[in-house]
Amino acid sequence: MEYNYTESMKTRLRRIEGQIRGVLRLMEEGKSCKDVVAQLSAVRNASDKAIAQIVAENLHQCILAEQAAGNNDTGKMVQEAVELLVKSR
């Protein structure tokens with residue numbers, strides 16, 4: 001199954017990309033460890049949210065495809081999605 005990533009997902013990742021550039025700028029400017037770590041924590045939180053959004057959208061699309069094919073046993077897909085989220089941490 002080909003997966004289509006939404007523009008909101010791409011926008012979220014572009015925002016993270018900007019945050020990473022900001023962290024590098026802080027480091028180049030010799031800013032404090034506290035400032036750098038605070039921004040890296042924001043990057044990590046944004047990344048976690050992006051992962052959750054991608055997994056949720058993928059699960060939704062997979063379930064719809066399975067139901068369209070007449071298969072209502074989607075428990076395995078849900079389990080795989082949960083494992084992906086756990087693995088991402």
# chains A, B, ... in the order shown; residues from 1 in each chain; ligands from 1

call {"tool": "residues_around", "arguments": {"residues": "segment 46-58 of chain A", "least_positions_apart": "5", "cutoff": "7 Å", "atoms": "only C-alpha atoms", "output": "PyMOL selection string"}}
result
chain A and resi 9+12+16+81+85

call {"tool": "residues_around", "arguments": {"residues": "Glu2 of chain A", "least_positions_apart": "6", "cutoff": "12 Å", "atoms": "only C-alpha atoms", "output": "count of residues only"}}
result
4
